[in-house]
>>> print(open('final-v9.cif').read())   # mmCIF, C-alpha atoms
data_work
loop_
_atom_site.label_atom_id
_atom_site.label_comp_id
_atom_site.auth_asym_id
_atom_site.auth_seq_id
_atom_site.Cartn_x
_atom_site.Cartn_y
_atom_site.Cartn_z
CA MET O 26 -3.26 -34.63 18.85
CA GLN O 27 -5.97 -32.27 20.05
CA GLN O 28 -7.06 -29.44 17.78
CA LEU O 29 -9.07 -26.30 18.23
CA PHE O 30 -10.96 -24.08 15.80
CA ILE O 31 -10.38 -20.35 16.21
CA ILE O 32 -13.05 -18.06 14.78
CA VAL O 33 -11.36 -15.14 13.06
CA SER O 34 -14.51 -13.70 11.48
CA ASP O 35 -17.99 -14.85 10.55
CA ASN O 36 -16.59 -16.86 7.63
CA TYR O 37 -13.10 -17.87 8.75
CA PHE O 38 -12.23 -20.82 10.94
CA VAL O 39 -8.59 -21.65 11.65
CA ARG O 40 -7.72 -25.07 13.00
CA VAL O 41 -4.58 -25.13 15.18
CA ASN O 42 -2.94 -27.48 17.62
CA THR O 43 -3.84 -26.70 21.23
CA ALA O 44 -0.14 -26.40 22.07
CA LYS O 45 0.00 -23.40 19.78
CA THR O 46 -3.33 -21.89 20.73
CA ASN O 47 -2.06 -19.06 22.91
CA ILE O 48 0.50 -17.99 20.32
CA MET O 49 -2.03 -18.12 17.52
CA PHE O 50 -4.57 -16.12 19.50
CA ALA O 51 -2.00 -13.40 20.09
CA LEU O 52 -0.81 -13.29 16.49
CA LEU O 53 -4.29 -13.28 15.02
CA PHE O 54 -5.35 -10.55 17.43
CA VAL O 55 -2.42 -8.40 16.38
CA PHE O 56 -3.10 -9.24 12.75
CA ALA O 57 -6.70 -8.07 13.06
CA ILE O 58 -5.55 -4.72 14.40
CA THR O 59 -2.79 -4.50 11.80
CA ALA O 60 -5.20 -5.20 8.95
CA ASN O 61 -7.48 -2.50 10.30
CA ALA O 62 -4.56 -0.09 10.52
CA GLN O 63 -3.54 -0.75 6.94
CA GLY O 64 -7.09 -0.78 5.65
CA ASN O 65 -6.19 -4.21 4.29
CA ALA O 66 -4.00 -2.40 1.73
CA HIS O 67 -0.69 -3.77 0.55
CA ALA O 68 2.76 -2.24 0.22
CA ASN O 69 2.82 1.45 -0.61
CA GLY O 70 6.61 1.95 -0.53
CA ALA O 71 8.85 3.45 2.13
CA ARG O 72 8.64 6.91 0.58
CA SER O 73 4.89 7.15 1.12
CA THR O 74 5.15 5.43 4.52
CA GLY O 75 7.61 8.06 5.70
CA MET O 76 5.10 10.79 4.81
CA GLY O 77 2.25 9.42 6.90
CA ASN O 78 1.21 6.95 4.16
CA ALA O 79 0.12 9.81 1.89
CA GLY O 80 0.77 9.18 -1.79
CA ILE O 81 -2.29 9.70 -4.01
CA ALA O 82 -0.79 12.63 -5.90
CA ILE O 83 2.92 11.71 -5.98
CA ALA O 84 4.62 9.63 -8.67
CA ASP O 85 7.09 6.80 -8.09
CA ALA O 86 7.36 3.06 -8.63
CA TRP O 87 4.76 2.48 -5.89
CA SER O 88 2.07 4.40 -7.70
CA THR O 89 1.05 0.89 -8.83
CA VAL O 90 -0.44 0.69 -5.32
CA ASN O 91 -1.14 4.29 -4.27
CA ASN O 92 -2.72 5.74 -7.43
CA GLN O 93 -1.98 4.16 -10.78
CA ALA O 94 -2.82 7.34 -12.71
CA ALA O 95 0.33 8.98 -11.28
CA LEU O 96 2.42 6.48 -13.26
CA THR O 97 1.99 8.72 -16.31
CA LEU O 98 4.48 11.15 -14.71
CA LEU O 99 7.29 8.57 -14.83
CA LYS O 100 9.89 9.02 -17.56
CA ASN O 101 11.71 5.69 -17.23
CA THR O 102 10.88 2.07 -16.50
CA GLU O 103 11.17 1.45 -12.76
CA ILE O 104 11.44 -1.73 -10.70
CA ALA O 105 11.09 -1.66 -6.92
CA ALA O 106 11.10 -4.00 -3.91
CA PHE O 107 9.57 -3.33 -0.50
CA TYR O 108 9.69 -4.95 2.94
CA LYS O 109 7.80 -3.92 6.08
CA ASN O 110 8.12 -5.37 9.57
CA ASN O 111 5.05 -4.76 11.72
CA PHE O 112 5.64 -4.44 15.47
CA GLY O 113 8.84 -6.49 15.39
CA ILE O 114 6.91 -9.68 14.56
CA SER O 115 8.27 -11.49 11.51
CA GLU O 116 4.99 -13.38 11.04
CA LEU O 117 3.31 -10.04 10.30
CA SER O 118 5.81 -8.94 7.68
CA LEU O 119 4.76 -7.49 4.35
CA SER O 120 6.84 -7.80 1.16
CA ALA O 121 6.19 -6.67 -2.39
CA LEU O 122 7.56 -6.09 -5.87
CA SER O 123 6.43 -3.39 -8.30
CA VAL O 124 7.21 -2.54 -11.92
CA ALA O 125 6.10 0.31 -14.18
CA ALA O 126 7.00 0.72 -17.85
CA PRO O 127 6.10 3.93 -19.74
CA THR O 128 5.45 3.46 -23.47
CA LYS O 129 4.01 5.57 -26.27
CA ALA O 130 0.71 3.76 -25.79
CA GLY O 131 0.57 4.47 -22.06
CA VAL O 132 2.09 3.07 -18.89
CA PHE O 133 1.91 -0.66 -18.16
CA GLY O 134 2.71 -2.00 -14.71
CA GLY O 135 1.88 -4.35 -11.92
CA SER O 136 2.70 -5.48 -8.42
CA ILE O 137 2.88 -8.59 -6.28
CA ALA O 138 2.46 -8.46 -2.49
CA HIS O 139 2.54 -11.02 0.32
CA PHE O 140 1.49 -10.52 3.93
CA GLY O 141 1.44 -13.03 6.78
CA PHE O 142 3.00 -16.27 7.98
CA SER O 143 2.58 -20.03 7.63
CA GLU O 144 -0.80 -20.20 9.38
CA TYR O 145 -2.35 -17.24 7.58
CA SER O 146 -1.36 -15.14 4.56
CA GLU O 147 -2.75 -12.62 2.11
CA ASN O 148 -1.51 -12.33 -1.47
CA LYS O 149 -2.31 -9.75 -4.10
CA ILE O 150 -1.35 -9.77 -7.79
CA SER O 151 -2.18 -6.69 -9.87
CA ILE O 152 -1.85 -5.53 -13.47
CA THR O 153 -2.14 -1.85 -14.36
CA TYR O 154 -2.69 0.44 -17.30
CA ALA O 155 -2.49 4.25 -17.12
CA LYS O 156 -2.71 6.88 -19.83
CA ARG O 157 -2.62 10.65 -20.12
CA LEU O 158 -5.90 11.45 -21.88
CA TRP O 159 -5.54 15.21 -21.95
CA LYS O 160 -2.57 17.47 -21.42
CA ARG O 161 -3.09 17.72 -17.67
CA VAL O 162 -5.34 14.76 -16.83
CA SER O 163 -4.48 11.05 -16.52
CA LEU O 164 -6.71 8.04 -15.89
CA SER O 165 -5.89 4.46 -14.90
CA ALA O 166 -7.42 1.06 -14.31
CA GLN O 167 -6.10 -1.92 -12.38
CA LEU O 168 -7.22 -5.54 -12.08
CA CYS O 169 -6.29 -7.46 -8.93
CA TYR O 170 -6.40 -11.07 -7.80
CA ASN O 171 -6.62 -11.34 -3.99
CA SER O 172 -6.19 -14.57 -2.05
CA PHE O 173 -6.58 -15.26 1.68
CA ASN O 174 -5.02 -18.53 2.80
CA PHE O 175 -5.18 -20.52 6.03
CA THR O 176 -3.08 -23.61 6.75
CA ASN O 177 -5.45 -26.52 7.49
CA ALA O 178 -8.29 -24.08 7.18
CA TYR O 179 -11.97 -24.88 6.94
CA GLN O 180 -12.00 -22.74 3.81
CA ASN O 181 -9.73 -20.31 2.02
CA ALA O 182 -10.95 -17.40 -0.06
CA ASN O 183 -10.17 -15.35 -3.14
CA ALA O 184 -11.60 -12.39 -4.99
CA ILE O 185 -11.13 -10.38 -8.16
CA THR O 186 -11.17 -6.64 -7.54
CA GLY O 187 -10.56 -3.50 -9.54
CA GLU O 188 -9.12 -0.05 -8.96
CA ILE O 189 -9.62 3.26 -10.77
CA GLY O 190 -7.33 6.28 -10.55
CA LEU O 191 -7.31 9.93 -11.63
CA LEU O 192 -4.52 12.53 -11.57
CA ALA O 193 -4.84 16.19 -12.52
CA GLU O 194 -2.01 18.71 -12.91
CA LEU O 195 -3.60 21.89 -11.56
CA SER O 196 -0.41 23.90 -11.99
CA GLU O 197 3.27 23.24 -12.56
CA ASN O 198 3.85 22.38 -8.89
CA PHE O 199 0.37 21.32 -7.73
CA TYR O 200 -1.24 17.93 -8.38
CA ALA O 201 -4.54 16.46 -7.22
CA GLY O 202 -5.60 12.83 -7.39
CA ALA O 203 -8.46 10.46 -6.69
CA HIS O 204 -8.54 6.70 -6.36
CA VAL O 205 -11.19 4.02 -5.78
CA PHE O 206 -10.50 0.49 -4.57
CA ASN O 207 -13.11 -2.19 -5.29
CA PRO O 208 -15.71 0.00 -7.05
CA THR O 209 -17.58 -3.16 -8.08
CA LYS O 210 -18.06 -4.14 -4.43
CA SER O 211 -16.56 -7.59 -4.99
CA SER O 212 -16.96 -10.25 -2.32
CA LEU O 213 -14.79 -13.09 -1.11
CA ALA O 214 -15.61 -16.43 -2.76
CA LEU O 215 -17.07 -18.05 0.34
CA GLU O 216 -20.26 -19.94 1.07
CA ALA O 217 -21.53 -16.83 2.82
CA LYS O 218 -20.41 -13.92 0.66
CA GLU O 219 -18.25 -11.43 2.57
CA GLN O 220 -17.88 -8.12 0.78
CA LEU O 221 -14.44 -6.57 0.62
CA PRO O 222 -14.22 -2.93 1.67
CA VAL O 223 -14.76 -0.13 -0.81
CA ARG O 224 -12.16 2.60 -0.39
CA TYR O 225 -12.30 6.15 -1.75
CA LYS O 226 -9.25 8.43 -1.65
CA ILE O 227 -8.58 12.00 -2.66
CA GLY O 228 -5.28 13.77 -2.22
CA ALA O 229 -2.99 16.58 -3.27
CA ALA O 230 0.74 17.25 -3.57
CA TYR O 231 2.33 20.69 -3.68
CA LYS O 232 5.93 21.86 -4.15
CA PRO O 233 6.37 25.39 -2.75
CA PHE O 234 9.91 25.18 -4.11
CA SER O 235 12.04 22.50 -5.72
CA LEU O 236 13.45 20.99 -2.50
CA LEU O 237 10.18 20.73 -0.54
CA LEU O 238 7.12 18.54 -1.12
CA LEU O 239 3.88 18.66 0.88
CA CYS O 240 1.20 16.00 0.44
CA ALA O 241 -2.08 14.98 2.07
CA ASP O 242 -4.76 12.32 1.50
CA LEU O 243 -8.30 11.93 2.79
CA ILE O 244 -9.63 8.37 2.82
CA TYR O 245 -13.06 6.84 3.31
CA ASP O 246 -13.15 3.09 3.95
CA SER O 247 -16.52 1.34 4.11
CA ASN O 248 -15.26 -0.75 7.06
CA ASN O 249 -13.16 1.77 8.97
CA GLY O 250 -14.64 5.18 8.22
CA ILE O 251 -12.66 8.34 7.51
CA SER O 252 -8.92 8.81 7.99
CA PHE O 253 -6.32 11.42 7.11
CA CYS O 254 -2.72 11.03 5.98
CA GLY O 255 -0.26 13.88 5.54
CA GLY O 256 3.46 14.45 5.31
CA THR O 257 6.42 16.30 3.92
CA GLU O 258 9.65 15.55 2.05
CA TYR O 259 12.66 17.88 2.13
CA TYR O 260 15.91 17.45 0.19
CA ILE O 261 18.92 18.44 2.30
CA VAL O 262 21.14 17.97 -0.75
CA SER O 263 20.31 16.80 -4.27
CA GLN O 264 20.63 13.10 -3.36
CA LEU O 265 19.42 12.98 0.26
CA CYS O 266 16.01 13.82 1.71
CA LEU O 267 14.20 13.56 5.03
CA ARG O 268 10.50 12.83 5.52
CA ALA O 269 7.89 13.07 8.28
CA GLY O 270 4.15 12.60 8.55
CA VAL O 271 1.06 11.67 10.54
CA SER O 272 -2.09 9.66 9.97
CA THR O 273 -5.33 9.04 11.83
CA ASN O 274 -7.55 6.01 12.39
CA PRO O 275 -5.25 4.71 13.81
CA GLU O 276 -2.90 7.45 14.94
CA LEU O 277 0.59 6.96 13.52
CA PHE O 278 3.64 9.21 13.55
CA THR O 279 6.14 8.54 10.78
CA LEU O 280 9.71 9.40 9.87
CA GLY O 281 11.72 8.51 6.79
CA ALA O 282 14.70 9.20 4.59
CA GLY O 283 15.67 8.66 0.98
CA TYR O 284 18.95 8.52 -0.89
CA ILE O 285 19.54 8.42 -4.65
CA TYR O 286 22.71 6.91 -6.09
CA ARG O 287 22.76 7.12 -9.87
CA GLN O 288 19.84 4.93 -11.02
CA ILE O 289 19.17 3.38 -7.60
CA GLY O 290 16.91 4.80 -4.92
CA PHE O 291 17.00 3.72 -1.26
CA ASP O 292 14.16 4.61 1.10
CA ILE O 293 13.58 3.78 4.75
CA ALA O 294 10.69 4.64 7.05
CA TYR O 295 9.67 4.25 10.66
CA SER O 296 6.27 4.68 12.25
CA TYR O 297 4.93 4.23 15.75
CA HIS O 298 1.57 2.85 16.83
CA ASN O 299 0.74 4.07 20.34
CA VAL O 300 -0.58 0.64 21.38
CA LEU O 301 1.29 -1.96 19.34
CA GLY O 302 4.66 -0.29 18.90
CA ASN O 303 7.16 0.10 16.09
CA ILE O 304 6.77 -0.40 12.34
CA SER O 305 9.83 -0.25 10.08
CA CYS O 306 10.21 -0.65 6.34
CA ILE O 307 12.65 -0.34 3.48
CA SER O 308 12.30 -0.12 -0.28
CA VAL O 309 14.79 -0.13 -3.14
CA SER O 310 14.07 1.05 -6.68
CA TYR O 311 16.00 0.93 -9.94
CA LYS O 312 15.43 3.10 -13.02
CA LEU O 313 16.15 1.63 -16.44
CA ASN O 314 17.14 3.63 -19.52
CA ARG O 315 17.86 6.75 -17.55
CA LYS O 316 17.88 9.86 -19.75
#
>>> encode(input="final-v9.cif", output="structure tokens")
Amino acid sequence: MQQLFIIVSDNYFVRVNTAKTNIMFALLFVFAITANAQGNAHANGARSTGMGNAGIAIADAWSTVNNQAALTLLKNTEIAAFYKNNFGISELSLSALSVAAPTKAGVFGGSIAHFGFSEYSENKISITYAKRLWKRVSLSAQLCYNSFNFTNAYQNANAITGEIGLLAELSENFYAGAHVFNPTKSSLALEAKEQLPVRYKIGAAYKPFSLLLLCADLIYDSNNGISFCGGTEYYIVSQLCLRAGVSTNPELFTLGAGYIYRQIGFDIAYSYHNVLGNISCISVSYKLNRK
């Protein structure tokens, strides 16, 4: 059976059967654009997705991904699951689990995420610790194991990275946050070292009144430059809210909704890429020991 090597980047070579070459070319091309669109970040939850992917200064179960310092605002242990379908292509789906447990010593948490299909996949496992150091300031640290896997590949890769987060309560209804991904400038474990991107984020969240939330993030990625994410969340009734947002680099328009039933939260989101098409996602969360 004839085989062909496809060059994905300077360090990646994927070996595929020639009968599948055209399909693989298409999928890998879309994947490259998708990875660029996501900044190679993993699941951030449907709530954040519905608000233009902004989430640095908001607190929920997915703060394990967005900004771990915001976990200090949680009152109860939360478990959440997330699924995202990119452009209607199941091979480019993203799934994740997250857990956060507040204790007297601080908040412990972690997440597991998987992106890709049988020929190529990315996996990320993270453990988190966050603590309120002063009355209005919280800090966090996260350790991550990242793996990049090719079926029948010339070489796979892995890397250990870190994340640092900060959250400040500027007033009762106004929060500001900052987050750094890969501050140590870790590289993939390849023969020719390939540095993972360094990502800096700052953001804010403001509640003009109890039913309305406004949030915005500014992001600098060493590979993709500067981007902006912003959105809003409005509660129609106490259990149901609607969301909308925008982001740049690439341009995305997002919509979302959330519903709370007792200890269970349901969130859905939809976004549109003007070249590749539709992105849809859903997340479900459960609060333990509700007070």
>>> residues_around(input="final-v9.cif", residues="Ser146 (chain O)", least_positions_apart="4", cutoff="6 Å", atoms="only C-alpha atoms", output="PyMOL selection string")
chain O and resi 140-142+173-174
>>> write_last_selection(input="final-v9.cif", atoms="C-alpha atoms", output="PDB file, in the coordinates of the input")
ATOM      1  CA  PHE O 140       1.490 -10.520   3.930  1.00  0.00           C
ATOM      2  CA  GLY O 141       1.440 -13.030   6.780  1.00  0.00           C
ATOM      3  CA  PHE O 142       3.000 -16.270   7.980  1.00  0.00           C
ATOM      4  CA  PHE O 173      -6.580 -15.260   1.680  1.00  0.00           C
ATOM      5  CA  ASN O 174      -5.020 -18.530   2.800  1.00  0.00           C
TER       6      ASN O 174
END
>>> axis_aligned_box(input="final-v9.cif", around="region 75-92 of chain O", padding_each_side="6 Å", output="JSON")
{"center_x": 2.4, "center_y": 6.7, "center_z": -1.0, "size_x": 22.3, "size_y": 23.9, "size_z": 27.7}
>>> residues_near_point(input="final-v9.cif", point="(-8.3, -2.4, -18.2)", cutoff="12 Å", atoms="only C-alpha atoms", output="number ranges by chain")
O: 93, 131-134, 151-156, 164-169, 186-190
>>> atom_distance(input="final-v9.cif", atom1="CA of Phe199 (chain O)", atom2="CA of Phe291 (chain O)")
25.1 Å
>>> atom_distance(input="final-v9.cif", atom1="CA of Ala86 (chain O)", atom2="CA of Ser196 (chain O)")
22.5 Å
>>> resolve_selection(input="final-v9.cif", expression="the PyMOL selection byres ((chain O and resi 162) around 10)", output="list in words")
Ala94, Ala95, Thr97, Lys156, Arg157, Leu158, Trp159, Lys160, Arg161, Ser163, Leu164, Leu191, Leu192, Ala193, Glu194, Leu195, Tyr200, Ala201 and Gly202 of chain O
>>> resolve_selection(input="final-v9.cif", expression="the PyMOL selection byres ((chain O and resi 249) around 10)", output="JSON, numbers by chain")
{"O": [61, 62, 64, 222, 224, 244, 245, 246, 247, 248, 250, 251, 252, 274, 275]}
>>> resolve_selection(input="final-v9.cif", expression="the PyMOL selection byres ((chain O and resi 282) around 7)", output="PyMOL selection string")
chain O and resi 266-268+281+283-284+292-294
>>> atom_distance(input="final-v9.cif", atom1="CA of Asn69 (chain O)", atom2="CA of Ile83 (chain O)")
11.6 Å
>>> closest_residue(input="final-v9.cif", among="O:Asn303, O:Gln220, O:Gln288, O:Ser172", to="Glu103 (chain O)", atoms="only C-alpha atoms")
O:Gln288
>>> residues_around(input="final-v9.cif", residues="Tyr170 (chain O)", least_positions_apart="3", cutoff="6 Å", atoms="all atoms listed in the file", output="CSV table (one decimal) with C-alpha atoms, in the coordinates of the input")
chain,number,residue,atom,x,y,z
O,149,LYS,CA,-2.3,-9.8,-4.1
O,150,ILE,CA,-1.4,-9.8,-7.8
O,185,ILE,CA,-11.1,-10.4,-8.2
>>> decode(input="final-v9.cif", residues="region 237-252 of chain O", atoms="N, CA and C atoms", output="mmCIF file, in the first residue's frame")
data_model
loop_
_atom_site.group_PDB
_atom_site.id
_atom_site.type_symbol
_atom_site.label_atom_id
_atom_site.label_comp_id
_atom_site.auth_asym_id
_atom_site.auth_seq_id
_atom_site.Cartn_x
_atom_site.Cartn_y
_atom_site.Cartn_z
ATOM 1 N N LEU O 237 -27.557 42.024 34.636
ATOM 2 C CA LEU O 237 -26.733 42.279 33.456
ATOM 3 C C LEU O 237 -25.250 42.194 33.782
ATOM 4 N N LEU O 238 -24.512 41.455 32.945
ATOM 5 C CA LEU O 238 -23.060 41.334 33.069
ATOM 6 C C LEU O 238 -22.406 41.753 31.763
ATOM 7 N N LEU O 239 -21.374 42.580 31.864
ATOM 8 C CA LEU O 239 -20.570 42.985 30.712
ATOM 9 C C LEU O 239 -19.134 42.531 30.957
ATOM 10 N N CYS O 240 -18.502 41.942 29.951
ATOM 11 C CA CYS O 240 -17.121 41.493 30.133
ATOM 12 C C CYS O 240 -16.316 41.683 28.852
ATOM 13 N N ALA O 241 -15.009 41.848 29.014
ATOM 14 C CA ALA O 241 -14.126 42.056 27.863
ATOM 15 C C ALA O 241 -12.722 41.588 28.218
ATOM 16 N N ASP O 242 -12.033 40.999 27.248
ATOM 17 C CA ASP O 242 -10.653 40.534 27.409
ATOM 18 C C ASP O 242 -9.796 41.071 26.271
ATOM 19 N N LEU O 243 -8.558 41.367 26.579
ATOM 20 C CA LEU O 243 -7.560 41.718 25.576
ATOM 21 C C LEU O 243 -6.446 40.684 25.671
ATOM 22 N N ILE O 244 -6.074 40.103 24.540
ATOM 23 C CA ILE O 244 -5.152 38.969 24.522
ATOM 24 C C ILE O 244 -3.968 39.263 23.598
ATOM 25 N N TYR O 245 -2.776 38.935 24.076
ATOM 26 C CA TYR O 245 -1.598 38.945 23.208
ATOM 27 C C TYR O 245 -1.027 37.541 23.142
ATOM 28 N N ASP O 246 -0.942 36.988 21.948
ATOM 29 C CA ASP O 246 -0.392 35.665 21.709
ATOM 30 C C ASP O 246 0.885 35.820 20.891
ATOM 31 N N SER O 247 1.960 35.181 21.340
ATOM 32 C CA SER O 247 3.251 35.349 20.667
ATOM 33 C C SER O 247 3.230 34.835 19.235
ATOM 34 N N ASN O 248 2.278 33.963 18.893
ATOM 35 C CA ASN O 248 2.161 33.464 17.523
ATOM 36 C C ASN O 248 1.168 34.257 16.689
ATOM 37 N N ASN O 249 0.071 34.712 17.331
ATOM 38 C CA ASN O 249 -1.028 35.290 16.566
ATOM 39 C C ASN O 249 -1.260 36.771 16.785
ATOM 40 N N GLY O 250 -0.489 37.402 17.659
ATOM 41 C CA GLY O 250 -0.654 38.829 17.870
ATOM 42 C C GLY O 250 -1.778 39.154 18.836
ATOM 43 N N ILE O 251 -2.391 40.327 18.648
ATOM 44 C CA ILE O 251 -3.383 40.852 19.575
ATOM 45 C C ILE O 251 -4.793 40.526 19.104
ATOM 46 N N SER O 252 -5.655 40.183 20.057
ATOM 47 C CA SER O 252 -7.068 39.963 19.751
ATOM 48 C C SER O 252 -7.919 40.500 20.894
#
